[in-house]
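Here's the structure, in structure tokens; my notes come after.
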Amino acid sequence: MASANPLLWLLRGQLVHELRPSRVRVSAVEYKRHLIEAFEDQPGRWFAYFSRLDGQNIAGTESNSLRTPSARYSKEDAIEFAKEAIDGLPDS
């Protein structure tokens, strides 16, 4: 069954805490009790992982860490995309 938030639906099946790529550049920020780590896996391809600061699973998932499902062209865009995903979570 699809979630009311399509972005959360895309993120749900990703158990990415075990799939960390080698990182070229990394930036981390805190947002609404979550840690967002933006990373550039190739030049101009930014993604972001986010996890709860308390270590609990993210609401609606069986994981404590999720990755944004598509690349962004800048670190700032990847962080904003992760913030939008966090804002769509039922517990945010």
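Residues in the structure tokens are named by chain (A, B, ... in the order shown) and by number from 1 within that chain; ligands are numbered from 1 in the order shown.
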Residues near segment 76-80 of chain A, cut-off 10 Å, only C-alpha atoms, skip fewer than 2 positions along chain, as number ranges by chain: A: 27-29, 31, 36-40, 45-50, 68, 70-74, 82-86
Picked from segment 22-89 of chain A by DSSP as helix (DSSP H, G or I), as a ChimeraX atom specification: /A:75-87
Residues near Ser51 of chain A, cut-off 10 Å, only C-alpha atoms, skip fewer than 3 positions along chain, as a VMD selection string: chain A and resid 17 30 33 to 37 54 to 58 63 to 67 86
Those same residues, written as a short mmCIF file (atom, residue, chain, number, x, y, z; two decimals), in the first residue's frame with N, CA and C atoms?
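In the end it all went to again_18.cif:
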```cif
data_model
loop_
_atom_site.label_atom_id
_atom_site.label_comp_id
_atom_site.auth_asym_id
_atom_site.auth_seq_id
_atom_site.Cartn_x
_atom_site.Cartn_y
_atom_site.Cartn_z
N HIS A 17 21.80 1.60 5.60
CA HIS A 17 22.82 1.73 6.63
C HIS A 17 23.98 0.77 6.38
N GLU A 30 22.32 18.94 11.47
CA GLU A 30 21.21 18.42 12.27
C GLU A 30 19.95 19.16 11.88
N ARG A 33 15.77 16.74 15.00
CA ARG A 33 16.17 15.49 15.68
C ARG A 33 16.70 14.43 14.73
N HIS A 34 17.21 14.85 13.57
CA HIS A 34 17.81 13.94 12.59
C HIS A 34 19.19 14.48 12.21
N LEU A 35 20.07 13.57 11.84
CA LEU A 35 21.37 13.93 11.30
C LEU A 35 21.31 13.69 9.80
N ILE A 36 21.64 14.72 9.02
CA ILE A 36 21.68 14.61 7.56
C ILE A 36 23.14 14.66 7.15
N GLU A 37 23.57 13.65 6.40
CA GLU A 37 24.93 13.60 5.87
C GLU A 37 24.85 13.63 4.34
N ASP A 54 18.49 9.88 18.03
CA ASP A 54 18.34 8.98 19.17
C ASP A 54 18.57 7.51 18.81
N GLY A 55 18.88 7.21 17.53
CA GLY A 55 19.19 5.86 17.12
C GLY A 55 17.98 4.97 16.84
N GLN A 56 16.79 5.48 17.07
CA GLN A 56 15.57 4.71 16.82
C GLN A 56 15.32 4.60 15.31
N ASN A 57 14.51 3.61 14.91
CA ASN A 57 14.14 3.48 13.51
C ASN A 57 13.31 4.68 13.07
N ILE A 58 13.43 5.03 11.82
CA ILE A 58 12.65 6.11 11.24
C ILE A 58 11.21 5.61 11.11
N SER A 63 14.36 0.72 9.44
CA SER A 63 15.75 1.16 9.37
C SER A 63 15.94 2.44 10.17
N ASN A 64 17.15 2.63 10.67
CA ASN A 64 17.45 3.88 11.37
C ASN A 64 18.16 4.88 10.47
N SER A 65 18.34 4.53 9.19
CA SER A 65 19.02 5.41 8.25
C SER A 65 18.42 5.21 6.86
N LEU A 66 18.18 6.32 6.18
CA LEU A 66 17.68 6.27 4.81
C LEU A 66 18.53 7.17 3.91
N ARG A 67 18.51 6.86 2.63
CA ARG A 67 19.22 7.67 1.65
C ARG A 67 18.22 8.28 0.69
N ILE A 86 12.24 14.40 5.64
CA ILE A 86 12.04 14.40 7.09
C ILE A 86 10.73 15.11 7.45
#
```
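Reported to one decimal place, the separation of atom CA of Val26 of chain A from atom CA of Phe81 of chain A is 15.6 Å.
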